[in-house]
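The data block below is structure20.pdb; it holds PDB, C-alpha atoms, pLDDT in the B column.
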```
ATOM      1  CA  MET A   1      25.641  34.288  11.449  1.00 60.00           C
ATOM      2  CA  SER A   2      24.015  37.215  13.301  1.00 62.00           C
ATOM      3  CA  GLU A   3      20.564  36.953  14.879  1.00 61.00           C
ATOM      4  CA  SER A   4      18.901  38.774  11.981  1.00 68.00           C
ATOM      5  CA  ASP A   5      20.416  36.582   9.279  1.00 85.00           C
ATOM      6  CA  VAL A   6      18.077  34.249   7.461  1.00 92.00           C
ATOM      7  CA  ILE A   7      19.078  31.592   4.968  1.00 94.00           C
ATOM      8  CA  THR A   8      16.229  30.606   2.695  1.00 96.00           C
ATOM      9  CA  LEU A   9      16.109  27.376   0.704  1.00 97.00           C
ATOM     10  CA  THR A  10      13.323  26.465  -1.716  1.00 97.00           C
ATOM     11  CA  TYR A  11      12.503  23.102  -3.243  1.00 97.00           C
ATOM     12  CA  ALA A  12       9.995  22.098  -5.908  1.00 96.00           C
ATOM     13  CA  ILE A  13       8.466  18.723  -5.015  1.00 94.00           C
ATOM     14  CA  SER A  14       7.655  16.600  -8.075  1.00 91.00           C
ATOM     15  CA  PRO A  15       4.283  14.871  -8.135  1.00 86.00           C
ATOM     16  CA  ASP A  16       4.099  11.064  -8.011  1.00 75.00           C
ATOM     17  CA  ASP A  17       7.867  10.695  -8.032  1.00 78.00           C
ATOM     18  CA  PHE A  18       8.779   8.347  -5.233  1.00 77.00           C
ATOM     19  CA  THR A  19      12.255   7.901  -6.582  1.00 77.00           C
ATOM     20  CA  ARG A  20      13.009  11.514  -5.678  1.00 81.00           C
ATOM     21  CA  ALA A  21      10.914  11.847  -2.537  1.00 83.00           C
ATOM     22  CA  GLY A  22      13.243  12.633   0.333  1.00 86.00           C
ATOM     23  CA  GLU A  23      15.821  14.493  -1.746  1.00 89.00           C
ATOM     24  CA  ALA A  24      14.772  17.897  -0.424  1.00 93.00           C
ATOM     25  CA  SER A  25      14.847  16.695   3.193  1.00 94.00           C
ATOM     26  CA  SER A  26      18.252  15.076   2.652  1.00 91.00           C
ATOM     27  CA  ASP A  27      19.597  18.281   1.160  1.00 94.00           C
ATOM     28  CA  VAL A  28      18.335  20.370   4.093  1.00 96.00           C
ATOM     29  CA  LYS A  29      19.749  17.834   6.535  1.00 94.00           C
ATOM     30  CA  GLY A  30      23.166  18.015   4.862  1.00 93.00           C
ATOM     31  CA  LYS A  31      23.175  21.818   4.867  1.00 95.00           C
ATOM     32  CA  LEU A  32      22.118  22.065   8.538  1.00 95.00           C
ATOM     33  CA  LYS A  33      24.873  19.631   9.501  1.00 92.00           C
ATOM     34  CA  GLN A  34      27.427  21.708   7.585  1.00 93.00           C
ATOM     35  CA  MET A  35      26.230  24.800   9.448  1.00 93.00           C
ATOM     36  CA  GLY A  36      26.868  23.021  12.743  1.00 92.00           C
ATOM     37  CA  VAL A  37      23.218  23.014  13.869  1.00 94.00           C
ATOM     38  CA  CYS A  38      22.721  20.730  16.898  1.00 92.00           C
ATOM     39  CA  PRO A  39      22.087  17.084  15.853  1.00 90.00           C
ATOM     40  CA  GLU A  40      18.757  16.916  17.703  1.00 91.00           C
ATOM     41  CA  ALA A  41      17.322  19.804  15.659  1.00 95.00           C
ATOM     42  CA  VAL A  42      18.752  18.348  12.430  1.00 95.00           C
ATOM     43  CA  ARG A  43      17.056  15.010  13.087  1.00 91.00           C
ATOM     44  CA  LYS A  44      13.737  16.693  13.949  1.00 94.00           C
ATOM     45  CA  VAL A  45      13.795  18.806  10.784  1.00 96.00           C
ATOM     46  CA  ALA A  46      14.782  15.831   8.594  1.00 94.00           C
ATOM     47  CA  ILE A  47      11.941  13.644   9.912  1.00 92.00           C
ATOM     48  CA  ALA A  48       9.244  16.331   9.941  1.00 95.00           C
ATOM     49  CA  MET A  49      10.151  17.576   6.486  1.00 96.00           C
ATOM     50  CA  TYR A  50      10.418  14.093   4.946  1.00 94.00           C
ATOM     51  CA  GLU A  51       6.936  13.213   6.168  1.00 94.00           C
ATOM     52  CA  GLY A  52       5.628  16.444   4.654  1.00 95.00           C
ATOM     53  CA  GLU A  53       7.449  15.770   1.407  1.00 94.00           C
ATOM     54  CA  ILE A  54       5.977  12.266   1.167  1.00 92.00           C
ATOM     55  CA  ASN A  55       2.488  13.601   1.904  1.00 93.00           C
ATOM     56  CA  MET A  56       2.849  16.137  -0.903  1.00 95.00           C
ATOM     57  CA  VAL A  57       3.844  13.369  -3.331  1.00 92.00           C
ATOM     58  CA  ILE A  58       1.066  10.978  -2.236  1.00 91.00           C
ATOM     59  CA  HIS A  59      -1.827  13.368  -1.805  1.00 93.00           C
ATOM     60  CA  ALA A  60      -1.177  16.711  -3.437  1.00 93.00           C
ATOM     61  CA  ARG A  61       0.583  16.326  -6.797  1.00 90.00           C
ATOM     62  CA  GLY A  62       3.728  17.856  -5.340  1.00 92.00           C
ATOM     63  CA  GLY A  63       4.233  21.477  -4.352  1.00 96.00           C
ATOM     64  CA  GLU A  64       6.890  23.741  -2.934  1.00 97.00           C
ATOM     65  CA  ILE A  65       8.841  23.705   0.305  1.00 98.00           C
ATOM     66  CA  THR A  66      10.530  26.804   1.684  1.00 98.00           C
ATOM     67  CA  VAL A  67      12.970  26.490   4.563  1.00 98.00           C
ATOM     68  CA  ASN A  68      14.071  29.556   6.522  1.00 97.00           C
ATOM     69  CA  ILE A  69      17.066  29.012   8.762  1.00 96.00           C
ATOM     70  CA  THR A  70      17.982  31.497  11.487  1.00 95.00           C
ATOM     71  CA  PRO A  71      20.396  31.026  14.396  1.00 92.00           C
ATOM     72  CA  LYS A  72      17.453  30.246  16.702  1.00 94.00           C
ATOM     73  CA  GLN A  73      15.045  28.229  14.603  1.00 96.00           C
ATOM     74  CA  ILE A  74      14.284  26.442  11.383  1.00 97.00           C
ATOM     75  CA  GLU A  75      10.967  27.249   9.776  1.00 98.00           C
ATOM     76  CA  MET A  76       9.472  25.017   7.075  1.00 98.00           C
ATOM     77  CA  ILE A  77       6.594  26.076   4.856  1.00 98.00           C
ATOM     78  CA  LEU A  78       5.114  23.267   2.773  1.00 98.00           C
ATOM     79  CA  ALA A  79       2.632  24.582   0.220  1.00 98.00           C
ATOM     80  CA  ASP A  80       0.642  22.516  -2.234  1.00 97.00           C
ATOM     81  CA  ALA A  81      -2.303  23.015  -4.577  1.00 95.00           C
ATOM     82  CA  GLY A  82      -3.783  19.603  -3.750  1.00 95.00           C
ATOM     83  CA  PRO A  83      -7.296  18.614  -2.720  1.00 96.00           C
ATOM     84  CA  GLY A  84      -7.094  19.992   0.836  1.00 96.00           C
ATOM     85  CA  ILE A  85      -7.763  18.081   4.076  1.00 96.00           C
ATOM     86  CA  PRO A  86     -11.512  17.715   4.809  1.00 95.00           C
ATOM     87  CA  ASP A  87     -11.113  16.920   8.524  1.00 96.00           C
ATOM     88  CA  VAL A  88      -7.820  18.066  10.007  1.00 96.00           C
ATOM     89  CA  GLU A  89      -8.563  16.635  13.452  1.00 95.00           C
ATOM     90  CA  LEU A  90      -9.190  13.195  11.961  1.00 95.00           C
ATOM     91  CA  ALA A  91      -6.129  13.453   9.702  1.00 95.00           C
ATOM     92  CA  MET A  92      -3.979  14.198  12.776  1.00 95.00           C
ATOM     93  CA  LYS A  93      -5.066  10.945  14.446  1.00 94.00           C
ATOM     94  CA  ALA A  94      -2.293   8.332  14.485  1.00 91.00           C
ATOM     95  CA  GLY A  95      -3.325   5.448  12.241  1.00 90.00           C
ATOM     96  CA  PHE A  96      -5.796   7.369  10.075  1.00 92.00           C
ATOM     97  CA  SER A  97      -4.802   7.226   6.421  1.00 92.00           C
ATOM     98  CA  THR A  98      -6.374   7.775   3.006  1.00 92.00           C
ATOM     99  CA  ALA A  99      -3.316   6.508   1.114  1.00 90.00           C
ATOM    100  CA  PRO A 100      -4.135   4.118  -1.754  1.00 89.00           C
ATOM    101  CA  ASP A 101      -3.011   0.462  -1.724  1.00 89.00           C
ATOM    102  CA  GLU A 102      -0.049   0.961  -4.061  1.00 86.00           C
ATOM    103  CA  ILE A 103       1.352   3.505  -1.622  1.00 87.00           C
ATOM    104  CA  ARG A 104       0.831   1.085   1.274  1.00 87.00           C
ATOM    105  CA  SER A 105       2.748  -1.576  -0.624  1.00 85.00           C
ATOM    106  CA  LEU A 106       5.756   0.781  -0.564  1.00 84.00           C
ATOM    107  CA  GLY A 107       5.595   0.869   3.234  1.00 85.00           C
ATOM    108  CA  PHE A 108       3.733   4.145   3.613  1.00 87.00           C
ATOM    109  CA  GLY A 109       0.150   4.872   4.555  1.00 85.00           C
ATOM    110  CA  ALA A 110       0.451   3.898   8.210  1.00 86.00           C
ATOM    111  CA  GLY A 111      -1.311   7.108   9.149  1.00 89.00           C
ATOM    112  CA  MET A 112       1.761   8.432  10.954  1.00 89.00           C
ATOM    113  CA  GLY A 113       2.750  11.286   8.629  1.00 91.00           C
ATOM    114  CA  LEU A 114       0.974  14.227  10.234  1.00 95.00           C
ATOM    115  CA  PRO A 115       1.392  12.846  13.796  1.00 93.00           C
ATOM    116  CA  ASN A 116       5.145  12.489  13.158  1.00 92.00           C
ATOM    117  CA  MET A 117       5.294  16.031  11.791  1.00 96.00           C
ATOM    118  CA  GLN A 118       3.655  17.311  14.961  1.00 96.00           C
ATOM    119  CA  LYS A 119       5.834  15.164  17.204  1.00 94.00           C
ATOM    120  CA  TYR A 120       9.079  16.325  15.639  1.00 94.00           C
ATOM    121  CA  SER A 121       8.281  20.030  15.249  1.00 97.00           C
ATOM    122  CA  ASP A 122       8.096  22.522  18.111  1.00 97.00           C
ATOM    123  CA  GLU A 123       5.241  24.399  16.432  1.00 98.00           C
ATOM    124  CA  MET A 124       2.921  23.351  13.625  1.00 98.00           C
ATOM    125  CA  LYS A 125      -0.012  25.023  11.895  1.00 98.00           C
ATOM    126  CA  ILE A 126      -2.146  23.672   9.057  1.00 98.00           C
ATOM    127  CA  ASP A 127      -4.018  25.971   6.675  1.00 98.00           C
ATOM    128  CA  THR A 128      -6.168  23.988   4.293  1.00 97.00           C
ATOM    129  CA  VAL A 129      -8.917  24.859   1.820  1.00 97.00           C
ATOM    130  CA  ILE A 130     -10.847  22.108   0.056  1.00 97.00           C
ATOM    131  CA  GLY A 131     -10.122  22.153  -3.650  1.00 96.00           C
ATOM    132  CA  LYS A 132      -7.407  24.807  -3.294  1.00 96.00           C
ATOM    133  CA  GLY A 133      -4.598  23.239  -1.329  1.00 97.00           C
ATOM    134  CA  THR A 134      -2.812  22.975   1.982  1.00 97.00           C
ATOM    135  CA  THR A 135      -0.009  24.967   3.561  1.00 98.00           C
ATOM    136  CA  ILE A 136       1.736  23.582   6.608  1.00 98.00           C
ATOM    137  CA  PHE A 137       4.046  25.707   8.744  1.00 98.00           C
ATOM    138  CA  MET A 138       6.461  23.955  11.058  1.00 98.00           C
ATOM    139  CA  LYS A 139       9.140  25.336  13.340  1.00 98.00           C
ATOM    140  CA  VAL A 140      11.991  23.548  15.030  1.00 98.00           C
ATOM    141  CA  ASN A 141      13.921  25.417  17.707  1.00 97.00           C
ATOM    142  CA  ILE A 142      17.686  25.272  17.738  1.00 94.00           C
ATOM    143  CA  LEU A 143      18.913  24.715  21.261  1.00 82.00           C
ATOM    144  CA  PRO A 144      21.900  26.801  22.319  1.00 75.00           C
ATOM    145  CA  ALA A 145      25.129  24.794  22.399  1.00 64.00           C
ATOM    146  CA  SER A 146      25.679  23.461  25.908  1.00 55.00           C
TER
ATOM    147  CA  MET B 147      29.914  -3.086  18.178  1.00 97.00           C
ATOM    148  CA  THR B 148      30.624  -1.076  15.054  1.00 97.00           C
ATOM    149  CA  VAL B 149      29.106  -1.646  11.619  1.00 98.00           C
ATOM    150  CA  GLN B 150      32.469  -3.043  10.493  1.00 98.00           C
ATOM    151  CA  GLU B 151      32.481  -5.510  13.378  1.00 97.00           C
ATOM    152  CA  LEU B 152      28.966  -6.639  12.459  1.00 97.00           C
ATOM    153  CA  ILE B 153      30.096  -7.173   8.865  1.00 97.00           C
ATOM    154  CA  ASP B 154      33.163  -9.074  10.075  1.00 97.00           C
ATOM    155  CA  SER B 155      30.999 -11.307  12.289  1.00 96.00           C
ATOM    156  CA  GLY B 156      29.809 -13.024   9.110  1.00 96.00           C
ATOM    157  CA  LEU B 157      26.249 -13.228  10.447  1.00 97.00           C
ATOM    158  CA  PHE B 158      24.925 -11.450   7.376  1.00 98.00           C
ATOM    159  CA  ILE B 159      25.733 -11.146   3.692  1.00 98.00           C
ATOM    160  CA  THR B 160      27.011  -7.710   2.684  1.00 98.00           C
ATOM    161  CA  VAL B 161      24.993  -6.121  -0.105  1.00 97.00           C
ATOM    162  CA  ASN B 162      26.590  -2.700   0.060  1.00 97.00           C
ATOM    163  CA  GLN B 163      29.362  -1.390   2.260  1.00 97.00           C
ATOM    164  CA  GLY B 164      28.751   2.210   3.301  1.00 96.00           C
ATOM    165  CA  ASP B 165      31.094   4.918   4.499  1.00 95.00           C
ATOM    166  CA  GLN B 166      30.304   4.932   8.233  1.00 94.00           C
ATOM    167  CA  LEU B 167      31.819   1.602   9.153  1.00 97.00           C
ATOM    168  CA  ASP B 168      33.123   2.834  12.490  1.00 97.00           C
ATOM    169  CA  LYS B 169      29.635   3.913  13.604  1.00 97.00           C
ATOM    170  CA  GLU B 170      28.559   2.191  16.828  1.00 97.00           C
ATOM    171  CA  ILE B 171      25.390   0.130  16.572  1.00 98.00           C
ATOM    172  CA  THR B 172      23.052   1.152  19.371  1.00 96.00           C
ATOM    173  CA  LYS B 173      20.373  -1.561  19.108  1.00 97.00           C
ATOM    174  CA  PRO B 174      18.415  -3.660  16.624  1.00 98.00           C
ATOM    175  CA  PHE B 175      15.164  -2.117  15.394  1.00 98.00           C
ATOM    176  CA  CYS B 176      12.456  -4.029  13.492  1.00 98.00           C
ATOM    177  CA  CYS B 177       9.799  -2.339  11.378  1.00 96.00           C
ATOM    178  CA  ASP B 178       8.428  -2.494   7.838  1.00 95.00           C
ATOM    179  CA  LEU B 179       6.158   0.516   7.873  1.00 91.00           C
ATOM    180  CA  LEU B 180       8.323   3.408   6.821  1.00 90.00           C
ATOM    181  CA  SER B 181       6.353   6.124   8.593  1.00 82.00           C
ATOM    182  CA  ILE B 182       6.702   4.297  11.876  1.00 87.00           C
ATOM    183  CA  ALA B 183      10.399   3.664  11.235  1.00 92.00           C
ATOM    184  CA  MET B 184      10.761   7.353  10.370  1.00 88.00           C
ATOM    185  CA  GLY B 185       9.407   8.388  13.749  1.00 85.00           C
ATOM    186  CA  ARG B 186      10.835   5.625  15.889  1.00 89.00           C
ATOM    187  CA  ALA B 187      14.086   4.252  14.459  1.00 93.00           C
ATOM    188  CA  PRO B 188      16.724   5.038  17.096  1.00 92.00           C
ATOM    189  CA  GLU B 189      19.837   6.756  15.808  1.00 90.00           C
ATOM    190  CA  GLY B 190      22.585   4.239  15.168  1.00 95.00           C
ATOM    191  CA  CYS B 191      20.228   1.251  15.075  1.00 98.00           C
ATOM    192  CA  ALA B 192      20.636  -1.832  12.913  1.00 98.00           C
ATOM    193  CA  TRP B 193      17.287  -1.637  11.112  1.00 98.00           C
ATOM    194  CA  ILE B 194      15.860  -5.021  10.199  1.00 98.00           C
ATOM    195  CA  THR B 195      13.149  -4.957   7.541  1.00 98.00           C
ATOM    196  CA  VAL B 196      11.800  -6.790   4.511  1.00 97.00           C
ATOM    197  CA  MET B 197      11.263  -3.547   2.560  1.00 94.00           C
ATOM    198  CA  GLY B 198      14.079  -3.122   0.054  1.00 94.00           C
ATOM    199  CA  ASN B 199      12.973  -0.063  -1.897  1.00 92.00           C
ATOM    200  CA  LEU B 200      14.367   3.424  -2.390  1.00 90.00           C
ATOM    201  CA  ASN B 201      12.280   4.874   0.397  1.00 90.00           C
ATOM    202  CA  THR B 202      13.769   2.440   2.919  1.00 94.00           C
ATOM    203  CA  LEU B 203      17.153   3.982   2.156  1.00 94.00           C
ATOM    204  CA  ALA B 204      15.818   7.539   2.394  1.00 91.00           C
ATOM    205  CA  VAL B 205      14.406   6.744   5.844  1.00 93.00           C
ATOM    206  CA  ALA B 206      17.638   4.987   6.886  1.00 94.00           C
ATOM    207  CA  SER B 207      19.656   8.003   5.874  1.00 91.00           C
ATOM    208  CA  LEU B 208      17.375  10.597   7.486  1.00 89.00           C
ATOM    209  CA  THR B 209      17.133   8.734  10.789  1.00 90.00           C
ATOM    210  CA  GLU B 210      20.902   8.043  10.858  1.00 90.00           C
ATOM    211  CA  THR B 211      20.438   4.314  11.012  1.00 95.00           C
ATOM    212  CA  ALA B 212      23.832   2.544  11.276  1.00 97.00           C
ATOM    213  CA  CYS B 213      22.889  -0.132   8.742  1.00 98.00           C
ATOM    214  CA  VAL B 214      19.917  -1.785   7.083  1.00 98.00           C
ATOM    215  CA  ILE B 215      19.507  -5.564   7.347  1.00 98.00           C
ATOM    216  CA  LEU B 216      17.126  -7.154   4.834  1.00 98.00           C
ATOM    217  CA  ALA B 217      15.596 -10.256   6.413  1.00 98.00           C
ATOM    218  CA  GLU B 218      13.604 -13.203   5.048  1.00 97.00           C
ATOM    219  CA  GLY B 219      15.708 -13.270   1.885  1.00 97.00           C
ATOM    220  CA  SER B 220      14.403  -9.899   0.700  1.00 96.00           C
ATOM    221  CA  VAL B 221      16.594  -7.904  -1.674  1.00 96.00           C
ATOM    222  CA  LEU B 222      17.113  -4.322  -2.807  1.00 95.00           C
ATOM    223  CA  ASP B 223      15.435  -3.498  -6.101  1.00 92.00           C
ATOM    224  CA  ASP B 224      17.742  -2.111  -8.830  1.00 92.00           C
ATOM    225  CA  ALA B 225      17.035   1.546  -8.110  1.00 90.00           C
ATOM    226  CA  ALA B 226      17.597   0.989  -4.393  1.00 93.00           C
ATOM    227  CA  ALA B 227      20.870  -0.885  -4.995  1.00 95.00           C
ATOM    228  CA  LYS B 228      22.125   2.076  -7.015  1.00 94.00           C
ATOM    229  CA  LYS B 229      21.037   4.519  -4.319  1.00 92.00           C
ATOM    230  CA  ALA B 230      22.701   2.513  -1.524  1.00 95.00           C
ATOM    231  CA  SER B 231      25.941   2.653  -3.446  1.00 96.00           C
ATOM    232  CA  GLU B 232      25.634   6.383  -4.251  1.00 93.00           C
ATOM    233  CA  GLN B 233      24.619   7.355  -0.726  1.00 90.00           C
ATOM    234  CA  LYS B 234      27.113   4.985   0.876  1.00 95.00           C
ATOM    235  CA  ILE B 235      24.597   3.235   3.129  1.00 97.00           C
ATOM    236  CA  THR B 236      25.570  -0.153   4.554  1.00 98.00           C
ATOM    237  CA  VAL B 237      23.005  -2.802   3.577  1.00 98.00           C
ATOM    238  CA  LEU B 238      23.240  -6.435   4.701  1.00 98.00           C
ATOM    239  CA  LYS B 239      20.935  -9.343   4.010  1.00 98.00           C
ATOM    240  CA  THR B 240      19.952 -12.696   5.440  1.00 98.00           C
ATOM    241  CA  GLU B 241      17.536 -15.575   4.951  1.00 98.00           C
ATOM    242  CA  MET B 242      16.739 -15.376   8.681  1.00 98.00           C
ATOM    243  CA  PRO B 243      13.318 -14.172   9.819  1.00 98.00           C
ATOM    244  CA  VAL B 244      13.163 -10.670  11.243  1.00 98.00           C
ATOM    245  CA  PHE B 245      13.117 -11.777  14.889  1.00 98.00           C
ATOM    246  CA  ASP B 246      16.061 -14.142  14.492  1.00 98.00           C
ATOM    247  CA  ALA B 247      18.086 -11.483  12.717  1.00 98.00           C
ATOM    248  CA  ALA B 248      17.343  -8.974  15.481  1.00 98.00           C
ATOM    249  CA  GLN B 249      18.199 -11.544  18.124  1.00 98.00           C
ATOM    250  CA  ALA B 250      21.509 -12.304  16.408  1.00 98.00           C
ATOM    251  CA  VAL B 251      22.414  -8.597  16.426  1.00 98.00           C
ATOM    252  CA  TRP B 252      21.286  -8.306  20.042  1.00 97.00           C
ATOM    253  CA  LYS B 253      23.438 -11.240  21.162  1.00 97.00           C
ATOM    254  CA  ARG B 254      26.478  -9.724  19.460  1.00 96.00           C
ATOM    255  CA  LEU B 255      25.799  -6.365  21.073  1.00 96.00           C
ATOM    256  CA  ALA B 256      25.432  -7.977  24.499  1.00 94.00           C
ATOM    257  CA  ALA B 257      28.707  -9.805  24.051  1.00 92.00           C
ATOM    258  CA  SER B 258      30.659  -6.775  22.830  1.00 86.00           C
TER
END
```

Could you write out this structure as structure tokens?
Amino acid sequence: MSESDVITLTYAISPDDFTRAGEASSDVKGKLKQMGVCPEAVRKVAIAMYEGEINMVIHARGGEITVNITPKQIEMILADAGPGIPDVELAMKAGFSTAPDEIRSLGFGAGMGLPNMQKYSDEMKIDTVIGKGTTIFMKVNILPAS
Amino acid sequence: MTVQELIDSGLFITVNQGDQLDKEITKPFCCDLLSIAMGRAPEGCAWITVMGNLNTLAVASLTETACVILAEGSVLDDAAAKKASEQKITVLKTEMPVFDAAQAVWKRLAAS
């Protein structure tokens, strides 16, 4: 793979389908492993992307995830047409959650989704418009093999 | 201690035998909130929880947990049982409370 090569993967995330939530992240994880990407970066991408995927199912009626893989980094773009995030700063606070009770009963809604996404990505940017949707960009750097 | 050695110890009942039986268990990890487990579960841990749903398995797989141990007599629901088998994730169960289960794993690890 030369430096200019990009592999792009796209996934449609189904709304309200918890049985399938995590499939896209698992698929990306499997592909990155096959490509020989360092395990640390694979784990970071898997965690950050899974949290995003779950958020899209819980809050945004699904959406689309695009993953661009280059030799130096993995970029994830998570786009939804959900309700938007009214207060991004508050939403980023560990422990803050607007997830309904039935979601909490599944073990989610601890208010760790966005904080985990930030923790496990090397760069993260949130573009959100109330009533239109949210797009989250995340990047994970691939460390050179030591 | 590998996953196989934990199974062979007879401490827990095997619900599903996965495909990474020679994986070394690093430590026990206890958590029922999946988002916290997602961020904190150490790779190779024996994850002790009472949550036996599909999402538990997704988190176990993504965090590279060595095995899941269902404590307090909790069980996998039907969809999760099918997924554990398909994804070849080792799932064990016990009537023990979470702390006792973790302590049992810890003692084995210390002795191995």

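Distance criterion 7 Å to chain B, applied with all atoms listed in the file, yields A:Thr19, A:Gly22, A:Ser26, A:Arg43, A:Ala46, A:Ile47, A:Gly107, A:Phe108, A:Ala110, A:Met112, A:Gly113, A:Asn116 on chain A.
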
Take the residues from that selection and write them out as a JSON list (two decimals), keeping the file's coordinate frame, keeping C-alpha atoms.
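selection35.json, freshly written:
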```json
[["chain", "number", "residue", "atom", "x", "y", "z"],
["A", 19, "THR", "CA", 12.26, 7.90, -6.58],
["A", 22, "GLY", "CA", 13.24, 12.63, 0.33],
["A", 26, "SER", "CA", 18.25, 15.08, 2.65],
["A", 43, "ARG", "CA", 17.06, 15.01, 13.09],
["A", 46, "ALA", "CA", 14.78, 15.83, 8.59],
["A", 47, "ILE", "CA", 11.94, 13.64, 9.91],
["A", 107, "GLY", "CA", 5.60, 0.87, 3.23],
["A", 108, "PHE", "CA", 3.73, 4.14, 3.61],
["A", 110, "ALA", "CA", 0.45, 3.90, 8.21],
["A", 112, "MET", "CA", 1.76, 8.43, 10.95],
["A", 113, "GLY", "CA", 2.75, 11.29, 8.63],
["A", 116, "ASN", "CA", 5.14, 12.49, 13.16]]
```

Near A:Val45, within 12 Å and counting all atoms listed in the file, which residues show up once chain neighbours fewer than 5 positions away are dropped, as number ranges by chain?
-> A: 24-33, 37-40, 50-53, 67-69, 73-77, 116-123, 138-142; B: 184-185, 208-209

Å distance separating atom CA of A:Pro86 from atom CA of A:Ile13, one decimal place =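 Between atom CA of A:Pro86 and atom CA of A:Ile13 the gap works out to 22.3 Å.
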
So what do you get for atom CA of B:Gly190 versus atom CA of B:Met242, distance-wise?
-> 21.5 Å

Which polymer residues have any atom within 8 Å of an atom of A:Tyr11, counting only C-alpha atoms, with same-chain residues fewer than 3 positions away left out, as a PyMOL selection string?
-> chain A and resi 24+64-66

Please return, as an MDAnalysis selection string, all polymer residues that have at least one atom within 10 Å of the point (24.6, -15.3, 4.0); use all atoms listed in the file and the file's own coordinate frame.
-> chainID B and resid 156:160 219 238:242
